[in-house]
file upload_5.cif (mmCIF, C-alpha atoms and all ligand atoms)
data_input
#
loop_
_atom_site.group_PDB
_atom_site.id
_atom_site.type_symbol
_atom_site.label_atom_id
_atom_site.label_comp_id
_atom_site.auth_asym_id
_atom_site.auth_seq_id
_atom_site.Cartn_x
_atom_site.Cartn_y
_atom_site.Cartn_z
ATOM 1 C CA LYS A 270 -93.131 42.142 62.453
ATOM 2 C CA LEU A 271 -91.799 45.645 61.956
ATOM 3 C CA ALA A 272 -88.726 44.472 60.004
ATOM 4 C CA SER A 273 -90.706 42.348 57.557
ATOM 5 C CA ARG A 274 -91.654 43.070 53.963
ATOM 6 C CA SER A 275 -95.242 42.277 54.765
ATOM 7 C CA PHE A 276 -95.283 45.141 57.278
ATOM 8 C CA GLN A 277 -93.597 47.575 54.879
ATOM 9 C CA GLU A 278 -93.304 46.877 51.174
ATOM 10 C CA HIS A 279 -90.900 49.657 50.153
ATOM 11 C CA ASN A 280 -87.232 49.628 51.085
ATOM 12 C CA THR A 281 -86.245 51.600 54.146
ATOM 13 C CA ILE A 282 -83.763 54.315 53.294
ATOM 14 C CA VAL A 283 -81.755 55.355 56.322
ATOM 15 C CA LYS A 284 -80.771 59.013 55.989
ATOM 16 C CA VAL A 285 -77.703 60.219 57.847
ATOM 17 C CA LYS A 286 -76.950 63.864 57.070
ATOM 18 C CA ASP A 287 -76.392 63.864 53.270
ATOM 19 C CA VAL A 288 -75.937 60.095 52.964
ATOM 20 C CA GLU A 289 -78.724 57.627 52.154
ATOM 21 C CA ILE A 290 -78.295 53.970 53.028
ATOM 22 C CA GLY A 291 -80.582 51.574 51.175
ATOM 23 C CA GLY A 292 -81.116 53.689 48.057
ATOM 24 C CA ASN A 293 -79.717 53.243 44.575
ATOM 25 C CA LYS A 294 -76.272 54.439 45.582
ATOM 26 C CA LEU A 295 -74.051 51.955 47.417
ATOM 27 C CA VAL A 296 -72.603 53.151 50.699
ATOM 28 C CA MET A 297 -69.030 52.392 51.661
ATOM 29 C CA MET A 298 -67.946 52.355 55.297
ATOM 30 C CA SER A 299 -64.173 52.075 55.433
ATOM 31 C CA GLY A 300 -61.376 52.599 57.892
ATOM 32 C CA PRO A 301 -59.222 50.777 60.393
ATOM 33 C CA CYS A 302 -60.422 48.056 62.733
ATOM 34 C CA SER A 303 -59.275 50.166 65.702
ATOM 35 C CA ILE A 304 -58.466 53.826 66.056
ATOM 36 C CA GLU A 305 -54.806 53.705 67.099
ATOM 37 C CA THR A 306 -53.172 57.124 66.838
ATOM 38 C CA GLU A 307 -53.993 60.590 65.526
ATOM 39 C CA GLU A 308 -51.593 60.079 62.625
ATOM 40 C CA GLN A 309 -53.135 56.710 61.742
ATOM 41 C CA ILE A 310 -56.758 57.819 61.719
ATOM 42 C CA PHE A 311 -56.077 61.044 59.778
ATOM 43 C CA LYS A 312 -54.018 59.179 57.194
ATOM 44 C CA LEU A 313 -56.724 56.539 56.714
ATOM 45 C CA ALA A 314 -59.571 59.085 56.735
ATOM 46 C CA LYS A 315 -57.897 60.829 53.798
ATOM 47 C CA ILE A 316 -57.734 57.549 51.862
ATOM 48 C CA VAL A 317 -61.372 56.829 52.656
ATOM 49 C CA ALA A 318 -62.380 60.292 51.395
ATOM 50 C CA ASP A 319 -60.199 59.960 48.275
ATOM 51 C CA SER A 320 -61.913 56.657 47.479
ATOM 52 C CA GLY A 321 -65.284 58.372 47.341
ATOM 53 C CA ALA A 322 -66.570 56.625 50.462
ATOM 54 C CA LYS A 323 -68.735 58.706 52.774
ATOM 55 C CA ILE A 324 -68.411 56.894 56.088
ATOM 56 C CA LEU A 325 -65.352 56.368 58.273
ATOM 57 C CA ARG A 326 -65.326 53.259 60.464
ATOM 58 C CA GLY A 327 -63.103 52.641 63.460
ATOM 59 C CA GLY A 328 -63.437 51.050 66.867
ATOM 60 C CA ALA A 329 -62.720 52.819 70.142
ATOM 61 C CA PHE A 330 -64.291 50.121 72.341
ATOM 62 C CA LYS A 331 -63.130 46.765 70.999
ATOM 63 C CA PRO A 332 -64.711 43.362 71.657
ATOM 64 C CA ARG A 333 -61.465 41.358 71.682
ATOM 65 C CA THR A 334 -61.409 37.598 72.106
ATOM 66 C CA SER A 335 -58.435 37.869 74.461
ATOM 67 C CA PRO A 336 -58.434 40.301 77.404
ATOM 68 C CA TYR A 337 -54.662 40.631 76.979
ATOM 69 C CA THR A 338 -54.904 42.308 73.573
ATOM 70 C CA PHE A 339 -55.559 45.972 72.719
ATOM 71 C CA GLN A 340 -58.984 46.997 73.997
ATOM 72 C CA GLY A 341 -59.332 50.327 72.174
ATOM 73 C CA LEU A 342 -58.567 53.962 73.014
ATOM 74 C CA GLY A 343 -62.033 54.703 74.405
ATOM 75 C CA GLU A 344 -63.103 58.368 74.408
ATOM 76 C CA GLU A 345 -59.694 59.532 73.199
ATOM 77 C CA GLY A 346 -60.204 57.391 70.091
ATOM 78 C CA LEU A 347 -63.695 58.770 69.527
ATOM 79 C CA LYS A 348 -62.328 62.317 69.642
ATOM 80 C CA LEU A 349 -59.579 61.525 67.153
ATOM 81 C CA MET A 350 -61.964 59.820 64.743
ATOM 82 C CA ARG A 351 -64.518 62.633 64.911
ATOM 83 C CA ALA A 352 -61.807 65.182 64.159
ATOM 84 C CA ALA A 353 -60.464 63.122 61.238
ATOM 85 C CA ALA A 354 -63.963 62.582 59.831
ATOM 86 C CA ASP A 355 -64.813 66.282 60.094
ATOM 87 C CA GLU A 356 -61.543 67.217 58.397
ATOM 88 C CA TYR A 357 -62.433 65.056 55.373
ATOM 89 C CA ASN A 358 -66.199 65.545 55.421
ATOM 90 C CA LEU A 359 -67.019 61.955 56.394
ATOM 91 C CA LEU A 360 -69.626 60.433 58.671
ATOM 92 C CA VAL A 361 -68.596 58.220 61.591
ATOM 93 C CA ILE A 362 -69.655 54.695 62.532
ATOM 94 C CA THR A 363 -68.299 53.063 65.684
ATOM 95 C CA GLU A 364 -69.187 50.163 67.945
ATOM 96 C CA VAL A 365 -71.085 50.427 71.204
ATOM 97 C CA MET A 366 -70.634 47.411 73.503
ATOM 98 C CA GLN A 367 -72.702 48.299 76.546
ATOM 99 C CA ASN A 368 -75.532 50.544 77.698
ATOM 100 C CA GLU A 369 -73.229 52.738 79.788
ATOM 101 C CA GLN A 370 -71.302 53.785 76.648
ATOM 102 C CA ILE A 371 -74.309 55.063 74.694
ATOM 103 C CA ASP A 372 -74.323 58.677 75.951
ATOM 104 C CA LEU A 373 -70.593 59.086 75.475
ATOM 105 C CA ILE A 374 -70.503 57.574 71.973
ATOM 106 C CA TYR A 375 -73.609 59.569 70.989
ATOM 107 C CA LYS A 376 -71.554 62.767 71.234
ATOM 108 C CA TYR A 377 -69.084 61.604 68.586
ATOM 109 C CA THR A 378 -70.781 59.198 66.196
ATOM 110 C CA ASP A 379 -73.328 59.406 63.395
ATOM 111 C CA ILE A 380 -74.172 55.690 63.391
ATOM 112 C CA PHE A 381 -73.929 53.186 66.244
ATOM 113 C CA GLN A 382 -72.569 49.749 65.377
ATOM 114 C CA VAL A 383 -73.718 46.727 67.364
ATOM 115 C CA GLY A 384 -71.087 44.028 66.953
ATOM 116 C CA ALA A 385 -71.669 40.372 66.226
ATOM 117 C CA ARG A 386 -70.975 39.430 69.848
ATOM 118 C CA ASN A 387 -73.720 41.740 71.054
ATOM 119 C CA MET A 388 -76.425 40.874 68.541
ATOM 120 C CA GLN A 389 -78.440 39.319 71.335
ATOM 121 C CA ASN A 390 -77.536 41.800 74.065
ATOM 122 C CA PHE A 391 -81.223 42.590 74.461
ATOM 123 C CA SER A 392 -80.766 45.270 77.075
ATOM 124 C CA LEU A 393 -78.414 47.146 74.728
ATOM 125 C CA LEU A 394 -80.832 46.698 71.815
ATOM 126 C CA LYS A 395 -83.724 48.065 73.898
ATOM 127 C CA GLU A 396 -81.714 51.154 74.872
ATOM 128 C CA LEU A 397 -80.690 51.746 71.253
ATOM 129 C CA GLY A 398 -84.361 51.607 70.334
ATOM 130 C CA LYS A 399 -84.726 54.930 72.163
ATOM 131 C CA VAL A 400 -81.797 56.659 70.448
ATOM 132 C CA ASP A 401 -82.332 59.112 67.577
ATOM 133 C CA LYS A 402 -79.343 57.976 65.523
ATOM 134 C CA PRO A 403 -79.164 54.964 63.153
ATOM 135 C CA ILE A 404 -78.010 51.558 64.362
ATOM 136 C CA MET A 405 -76.063 49.064 62.253
ATOM 137 C CA LEU A 406 -76.772 45.603 63.638
ATOM 138 C CA LYS A 407 -74.209 42.981 62.747
ATOM 139 C CA ARG A 408 -75.254 39.361 62.414
ATOM 140 C CA GLY A 409 -74.259 37.233 65.400
ATOM 141 C CA ILE A 410 -71.414 34.766 65.006
ATOM 142 C CA ALA A 411 -73.813 31.809 65.152
ATOM 143 C CA ALA A 412 -77.123 33.522 64.499
ATOM 144 C CA THR A 413 -79.746 32.432 62.013
ATOM 145 C CA ILE A 414 -81.279 35.095 59.786
ATOM 146 C CA GLU A 415 -84.479 34.718 61.776
ATOM 147 C CA GLU A 416 -82.682 35.470 65.052
ATOM 148 C CA TRP A 417 -80.893 38.411 63.484
ATOM 149 C CA LEU A 418 -84.167 39.906 62.288
ATOM 150 C CA MET A 419 -85.720 39.375 65.739
ATOM 151 C CA SER A 420 -82.852 41.372 67.210
ATOM 152 C CA ALA A 421 -83.593 44.170 64.742
ATOM 153 C CA GLU A 422 -87.150 43.962 66.038
ATOM 154 C CA TYR A 423 -85.958 44.946 69.532
ATOM 155 C CA ILE A 424 -84.565 48.218 68.160
ATOM 156 C CA LEU A 425 -87.484 48.949 65.833
ATOM 157 C CA SER A 426 -90.120 48.241 68.466
ATOM 158 C CA GLY A 427 -88.375 50.638 70.821
ATOM 159 C CA GLY A 428 -89.108 53.408 68.316
ATOM 160 C CA ASN A 429 -85.883 53.645 66.331
ATOM 161 C CA LYS A 430 -86.756 52.926 62.695
ATOM 162 C CA ASP A 431 -83.250 53.525 61.352
ATOM 163 C CA VAL A 432 -81.823 50.031 61.464
ATOM 164 C CA ILE A 433 -79.187 48.792 59.013
ATOM 165 C CA LEU A 434 -78.260 45.094 58.921
ATOM 166 C CA CYS A 435 -74.709 43.848 58.357
ATOM 167 C CA GLU A 436 -73.700 40.363 57.228
ATOM 168 C CA ARG A 437 -70.201 39.698 58.574
ATOM 169 C CA GLY A 438 -69.862 35.951 58.271
ATOM 170 C CA ILE A 439 -70.930 33.116 60.522
ATOM 171 C CA ARG A 440 -69.222 30.275 62.370
ATOM 172 C CA THR A 441 -69.144 27.030 60.421
ATOM 173 C CA PHE A 442 -66.929 23.933 60.387
ATOM 174 C CA GLU A 443 -64.647 25.591 57.824
ATOM 175 C CA ASN A 444 -61.462 26.920 59.397
ATOM 176 C CA TYR A 445 -59.585 28.231 56.397
ATOM 177 C CA THR A 446 -61.386 31.532 56.621
ATOM 178 C CA ARG A 447 -62.037 33.216 59.961
ATOM 179 C CA ASN A 448 -65.787 33.045 59.363
ATOM 180 C CA THR A 449 -67.902 31.813 56.477
ATOM 181 C CA PHE A 450 -69.345 34.664 54.452
ATOM 182 C CA ASP A 451 -73.046 33.949 53.990
ATOM 183 C CA LEU A 452 -73.474 35.625 50.624
ATOM 184 C CA SER A 453 -77.004 34.289 50.223
ATOM 185 C CA ALA A 454 -78.060 36.136 53.371
ATOM 186 C CA ILE A 455 -78.127 39.296 51.232
ATOM 187 C CA PRO A 456 -80.938 38.262 48.861
ATOM 188 C CA VAL A 457 -82.694 36.354 51.654
ATOM 189 C CA VAL A 458 -82.825 39.433 53.888
ATOM 190 C CA HIS A 459 -83.856 41.648 50.982
ATOM 191 C CA LYS A 460 -86.757 39.305 50.364
ATOM 192 C CA LYS A 461 -87.829 38.984 53.995
ATOM 193 C CA SER A 462 -87.142 42.557 55.115
ATOM 194 C CA HIS A 463 -87.220 46.172 53.920
ATOM 195 C CA LEU A 464 -84.102 47.098 55.888
ATOM 196 C CA PRO A 465 -80.799 47.891 54.130
ATOM 197 C CA VAL A 466 -78.071 45.237 54.185
ATOM 198 C CA ILE A 467 -74.366 46.039 54.340
ATOM 199 C CA ALA A 468 -71.773 43.306 53.716
ATOM 200 C CA ASP A 469 -68.523 43.122 55.665
ATOM 201 C CA PRO A 470 -66.083 40.950 53.678
ATOM 202 C CA SER A 471 -63.258 41.877 56.070
ATOM 203 C CA HIS A 472 -64.605 40.141 59.172
ATOM 204 C CA ALA A 473 -66.381 37.538 57.053
ATOM 205 C CA THR A 474 -63.087 36.185 55.714
ATOM 206 C CA GLY A 475 -60.401 37.494 58.051
ATOM 207 C CA LEU A 476 -57.871 37.281 55.225
ATOM 208 C CA ARG A 477 -56.738 40.172 53.055
ATOM 209 C CA ASP A 478 -56.621 38.102 49.837
ATOM 210 C CA GLN A 479 -60.245 37.043 50.228
ATOM 211 C CA VAL A 480 -61.637 40.520 50.771
ATOM 212 C CA PRO A 481 -61.723 41.871 47.176
ATOM 213 C CA PRO A 482 -63.426 38.797 45.642
ATOM 214 C CA MET A 483 -66.054 38.706 48.401
ATOM 215 C CA ALA A 484 -66.570 42.468 48.160
ATOM 216 C CA ARG A 485 -67.215 42.115 44.433
ATOM 217 C CA ALA A 486 -69.577 39.209 45.062
ATOM 218 C CA ALA A 487 -71.492 41.138 47.726
ATOM 219 C CA VAL A 488 -72.078 44.087 45.411
ATOM 220 C CA ALA A 489 -73.184 41.716 42.638
ATOM 221 C CA ALA A 490 -75.558 40.037 45.115
ATOM 222 C CA GLY A 491 -77.253 43.358 45.816
ATOM 223 C CA ALA A 492 -75.706 44.548 49.073
ATOM 224 C CA ASP A 493 -76.594 48.163 49.863
ATOM 225 C CA GLY A 494 -72.997 48.876 50.749
ATOM 226 C CA LEU A 495 -69.837 47.455 52.236
ATOM 227 C CA MET A 496 -67.820 47.773 55.403
ATOM 228 C CA ILE A 497 -64.121 47.334 54.669
ATOM 229 C CA GLU A 498 -61.108 47.494 56.956
ATOM 230 C CA ILE A 499 -57.965 49.203 55.688
ATOM 231 C CA HIS A 500 -54.546 49.984 57.164
ATOM 232 C CA HIS A 501 -51.410 51.634 55.784
ATOM 233 C CA ASP A 502 -49.168 49.346 57.881
ATOM 234 C CA PRO A 503 -51.148 46.155 58.628
ATOM 235 C CA GLU A 504 -48.152 44.398 60.177
ATOM 236 C CA LYS A 505 -48.257 46.942 62.958
ATOM 237 C CA ALA A 506 -52.052 47.158 63.279
ATOM 238 C CA LEU A 507 -53.251 46.676 66.868
ATOM 239 C CA SER A 508 -56.203 44.551 65.722
ATOM 240 C CA ASP A 509 -57.276 42.632 62.612
ATOM 241 C CA GLY A 510 -54.079 43.359 60.649
ATOM 242 C CA PRO A 511 -54.313 40.140 58.550
ATOM 243 C CA GLN A 512 -57.602 41.246 56.999
ATOM 244 C CA ALA A 513 -56.784 44.919 56.440
ATOM 245 C CA LEU A 514 -56.480 45.993 52.824
ATOM 246 C CA LEU A 515 -53.534 48.169 51.901
ATOM 247 C CA PRO A 516 -54.607 51.580 50.597
ATOM 248 C CA GLU A 517 -53.624 50.823 46.991
ATOM 249 C CA THR A 518 -55.547 47.516 46.949
ATOM 250 C CA TYR A 519 -58.535 49.254 48.473
ATOM 251 C CA LEU A 520 -58.540 52.062 45.907
ATOM 252 C CA LYS A 521 -58.257 49.542 43.062
ATOM 253 C CA LEU A 522 -61.152 47.534 44.526
ATOM 254 C CA MET A 523 -63.327 50.643 44.656
ATOM 255 C CA ASP A 524 -62.783 51.128 40.915
ATOM 256 C CA GLU A 525 -63.725 47.521 40.178
ATOM 257 C CA LEU A 526 -66.866 47.808 42.287
ATOM 258 C CA GLN A 527 -68.005 50.779 40.212
ATOM 259 C CA ASN A 528 -68.350 48.551 37.145
ATOM 260 C CA ILE A 529 -70.178 45.803 39.019
ATOM 261 C CA ALA A 530 -72.576 48.309 40.569
ATOM 262 C CA GLU A 531 -73.348 49.794 37.154
ATOM 263 C CA ALA A 532 -73.958 46.344 35.691
ATOM 264 C CA ILE A 533 -76.842 45.847 38.149
ATOM 265 C CA GLY A 534 -78.180 49.356 37.748
ATOM 266 C CA ARG A 535 -76.715 50.923 40.861
ATOM 267 C CA THR A 536 -74.060 53.534 41.504
ATOM 268 C CA LEU A 537 -71.146 53.723 43.872
HETATM 269 C C1 LIG B 1 -65.560 45.281 63.950
HETATM 270 O O1 LIG B 1 -66.323 45.785 63.099
HETATM 271 O O2 LIG B 1 -64.394 45.728 64.178
HETATM 272 C C2 LIG B 1 -65.976 44.056 64.657
HETATM 273 C C3 LIG B 1 -65.461 43.738 65.844
HETATM 274 O O3 LIG B 1 -66.850 43.318 63.954
HETATM 275 P P1 LIG B 1 -67.711 42.026 64.377
HETATM 276 O O4 LIG B 1 -68.582 42.470 65.496
HETATM 277 O O5 LIG B 1 -68.450 41.719 63.118
HETATM 278 O O6 LIG B 1 -66.751 40.951 64.753
HETATM 279 MN MN MN B 2 -62.092 44.417 63.053
#
call {"tool": "encode", "arguments": {"input": "upload_5.cif", "output": "structure tokens", "more": "lines below"}}
Ligand code: PEP
Ligand code: MN
result
Amino acid sequence: KLASRSFQEHNTIVKVKDVEIGGNKLVMMSGPCSIETEEQIFKLAKIVADSGAKILRGGAFKPRTSPYTFQGLGEEGLKLMRAAADEYNLLVITEVMQNEQIDLIYKYTDIFQVGARNMQNFSLLKELGKVDKPIMLKRGIAATIEEWLMSAEYILSGGNKDVILCERGIRTFENYTRNTFDLSAIPVVHKKSHLPVIADPSHATGLRDQVPPMARAAVAAGADGLMIEIHHDPEKALSDGPQALLPETYLKLMDELQNIAEAIGRTL
């Protein structure tokens, strides 16, 4: 299998402009759940840049559980995020939900995100296998590691070698947290595969208070980076407000992560 360690012994390093994902330096992807307004995305992009992170996240096409909630700004959102990222010298990652969106999103993003709900959208994965930009593949809500790696195989076998995996929690019987963060997936995937693994403690827990401890744990467990949702006014966020870190908490967390990274011989 193309994703397996037996196929390739050395770690894959995904290069996106001047950023390397999967190397010694941890990569932070931070930003709001959804792009909401020009003011919001510029404000948050500045915080992301100030924190030393290199990648701005934000959704323009949102996979919402309810059709009656905010569905994303679409192309308008992509434009706003690209402008904010360029202003602060950041890269962009955003979710693609269907094949028809690939060409449009391609114009604005540096990395395509495949969300948990689309991990087994095989037609989307096949199309993304033909794209010349990296793909971050999130683990499905109820997917085993084996199934997740097989989905990566769809992209790799299509010719796109720049696949990044993202552990974002799985569905279990536990309802206190939104999902159950499968921390052990990080070392398991590192053993089975050469692909980089990003941890997303925001979606994994769904609760602001749980994000810093799980972020620290993920770095200690060897994650190649983190995806973290932030918002300056979470009460008013149009999606995922309860899990968004306030800017000051986020900046403090980034400092703490520095020490943990150094303790395991990596840098932030
Ligand atoms: C997201 O990153 O905003 C998102 C919807 O994540 P997931 O697909 O992991 O639920
Ligand atoms: Mn979200």
call {"tool": "resolve_selection", "arguments": {"input": "upload_5.cif", "expression": "the PyMOL selection byres (((chain A and resi 423-436) around 7) and not hetatm)", "output": "ChimeraX atom specification"}}
result
/A:271,283,394-395,397-401,403-408,419-422,437-438,464-469
call {"tool": "closest_residue", "arguments": {"input": "upload_5.cif", "among": "A:Pro511, A:Pro301, A:Gly327, A:Gly384", "to": "ligand LIG 1 (chain B)", "atoms": "only C-alpha atoms and all ligand atoms"}}
result
A:Gly384
call {"tool": "closest_residue", "arguments": {"input": "upload_5.cif", "among": "A:Leu325, A:Leu393, A:Ala489, A:Met483", "to": "Asp379 in chain A", "atoms": "only C-alpha atoms"}}
result
A:Leu325
call {"tool": "atom_distance", "arguments": {"input": "upload_5.cif", "atom1": "CA of Thr518 in chain A", "atom2": "CA of Glu305 in chain A"}}
result
21.1 Å
call {"tool": "resolve_selection", "arguments": {"input": "upload_5.cif", "expression": "the PyMOL selection byres (((chain A and resi 381) around 6) and not hetatm)", "output": "compact mmCIF listing (two decimals) with C-alpha atoms, in the coordinates of the input"}}
result
# COMPACT_ATOMS: atom_id res chain seq x y z
CA ILE A 362 -69.66 54.70 62.53
CA THR A 363 -68.30 53.06 65.68
CA GLU A 364 -69.19 50.16 67.94
CA ILE A 380 -74.17 55.69 63.39
CA GLN A 382 -72.57 49.75 65.38
CA ILE A 404 -78.01 51.56 64.36
call {"tool": "closest_atom_pairs", "arguments": {"input": "upload_5.cif", "of": "chain A", "to": "ligand LIG 1 (chain B)", "cutoff": "7 Å", "atoms": "only C-alpha atoms and all ligand atoms", "output": "JSON lines"}}
result
{"residue": "A:Cys302", "atom": "CA", "partner": "B:LIG1", "partner_atom": "O2", "distance": 4.8}
{"residue": "A:Ser303", "atom": "CA", "partner": "B:LIG1", "partner_atom": "O2", "distance": 6.9}
{"residue": "A:Gly328", "atom": "CA", "partner": "B:LIG1", "partner_atom": "O2", "distance": 6.0}
{"residue": "A:Lys331", "atom": "CA", "partner": "B:LIG1", "partner_atom": "C3", "distance": 6.4}
{"residue": "A:Pro332", "atom": "CA", "partner": "B:LIG1", "partner_atom": "C3", "distance": 5.9}
{"residue": "A:Val383", "atom": "CA", "partner": "B:LIG1", "partner_atom": "O4", "distance": 6.9}
{"residue": "A:Gly384", "atom": "CA", "partner": "B:LIG1", "partner_atom": "O4", "distance": 3.3}
{"residue": "A:Ala385", "atom": "CA", "partner": "B:LIG1", "partner_atom": "O4", "distance": 3.8}
{"residue": "A:Arg386", "atom": "CA", "partner": "B:LIG1", "partner_atom": "O4", "distance": 5.8}
{"residue": "A:Lys407", "atom": "CA", "partner": "B:LIG1", "partner_atom": "O5", "distance": 5.9}
{"residue": "A:Arg437", "atom": "CA", "partner": "B:LIG1", "partner_atom": "O5", "distance": 5.3}
{"residue": "A:His472", "atom": "CA", "partner": "B:LIG1", "partner_atom": "O5", "distance": 5.7}
call {"tool": "residues_near_point", "arguments": {"input": "upload_5.cif", "point": "(-51.7, 56.7, 58.6)", "cutoff": "12 Å", "atoms": "only C-alpha atoms", "output": "tab-separated table (two decimals) with C-alpha atoms, keeping the file's coordinate frame"}}
result
chain	number	residue	atom	x	y	z
A	300	GLY	CA	-61.38	52.60	57.89
A	301	PRO	CA	-59.22	50.78	60.39
A	304	ILE	CA	-58.47	53.83	66.06
A	305	GLU	CA	-54.81	53.70	67.10
A	306	THR	CA	-53.17	57.12	66.84
A	307	GLU	CA	-53.99	60.59	65.53
A	308	GLU	CA	-51.59	60.08	62.62
A	309	GLN	CA	-53.14	56.71	61.74
A	310	ILE	CA	-56.76	57.82	61.72
A	311	PHE	CA	-56.08	61.04	59.78
A	312	LYS	CA	-54.02	59.18	57.19
A	313	LEU	CA	-56.72	56.54	56.71
A	314	ALA	CA	-59.57	59.08	56.74
A	315	LYS	CA	-57.90	60.83	53.80
A	316	ILE	CA	-57.73	57.55	51.86
A	317	VAL	CA	-61.37	56.83	52.66
A	353	ALA	CA	-60.46	63.12	61.24
A	499	ILE	CA	-57.96	49.20	55.69
A	500	HIS	CA	-54.55	49.98	57.16
A	501	HIS	CA	-51.41	51.63	55.78
A	502	ASP	CA	-49.17	49.35	57.88
A	503	PRO	CA	-51.15	46.16	58.63
A	505	LYS	CA	-48.26	46.94	62.96
A	506	ALA	CA	-52.05	47.16	63.28
A	515	LEU	CA	-53.53	48.17	51.90
A	516	PRO	CA	-54.61	51.58	50.60
call {"tool": "axis_aligned_box", "arguments": {"input": "upload_5.cif", "around": "range 433-450 of chain A", "padding_each_side": "3 Å", "output": "AutoDock Vina command-line options"}}
result
--center_x -69.4 --center_y 36.4 --center_z 58.4 --size_x 25.6 --size_y 30.9 --size_z 13.9
call {"tool": "atom_distance", "arguments": {"input": "upload_5.cif", "atom1": "CA of Ala354 in chain A", "atom2": "CA of Thr474 in chain A"}}
result
26.7 Å
call {"tool": "resolve_selection", "arguments": {"input": "upload_5.cif", "expression": "the PyMOL selection byres (((chain A and resi 520) around 12) and not hetatm)", "output": "PyMOL selection string"}}
result
chain A and resi 297+299+313+315-322+481+497+499+514-519+521-527
call {"tool": "atom_distance", "arguments": {"input": "upload_5.cif", "atom1": "CA of Asn448 in chain A", "atom2": "CA of Ala484 in chain A"}}
result
14.7 Å
call {"tool": "decode", "arguments": {"input": "upload_5.cif", "residues": "range 391-403 of chain A", "atoms": "N, CA and C atoms", "output": "short mmCIF file (atom, residue, chain, number, x, y, z; two decimals), in the first residue's frame"}}
result
data_model
loop_
_atom_site.label_atom_id
_atom_site.label_comp_id
_atom_site.auth_asym_id
_atom_site.auth_seq_id
_atom_site.Cartn_x
_atom_site.Cartn_y
_atom_site.Cartn_z
N PHE A 391 -15.68 8.50 -2.09
CA PHE A 391 -14.62 7.98 -2.95
C PHE A 391 -14.49 8.75 -4.26
N SER A 392 -15.60 9.28 -4.76
CA SER A 392 -15.49 10.02 -6.00
C SER A 392 -14.72 11.32 -5.77
N LEU A 393 -14.95 11.95 -4.62
CA LEU A 393 -14.17 13.16 -4.27
C LEU A 393 -12.69 12.81 -4.09
N LEU A 394 -12.43 11.71 -3.39
CA LEU A 394 -11.03 11.32 -3.15
C LEU A 394 -10.31 11.04 -4.47
N LYS A 395 -11.00 10.39 -5.41
CA LYS A 395 -10.38 10.10 -6.71
C LYS A 395 -10.04 11.38 -7.46
N GLU A 396 -10.96 12.35 -7.43
CA GLU A 396 -10.70 13.63 -8.10
C GLU A 396 -9.53 14.35 -7.46
N LEU A 397 -9.45 14.31 -6.13
CA LEU A 397 -8.37 15.00 -5.42
C LEU A 397 -7.02 14.31 -5.65
N GLY A 398 -7.08 13.07 -6.08
CA GLY A 398 -5.85 12.36 -6.45
C GLY A 398 -5.21 12.95 -7.69
N LYS A 399 -5.97 13.73 -8.45
CA LYS A 399 -5.44 14.32 -9.69
C LYS A 399 -5.02 15.78 -9.50
N VAL A 400 -5.22 16.30 -8.30
CA VAL A 400 -4.94 17.72 -8.04
C VAL A 400 -3.48 17.91 -7.62
N ASP A 401 -2.87 19.03 -8.01
CA ASP A 401 -1.47 19.25 -7.63
C ASP A 401 -1.33 20.16 -6.40
N LYS A 402 -2.23 20.02 -5.46
CA LYS A 402 -2.09 20.70 -4.17
C LYS A 402 -2.33 19.65 -3.08
N PRO A 403 -1.73 19.85 -1.88
CA PRO A 403 -1.88 18.86 -0.81
C PRO A 403 -3.32 18.72 -0.31
#
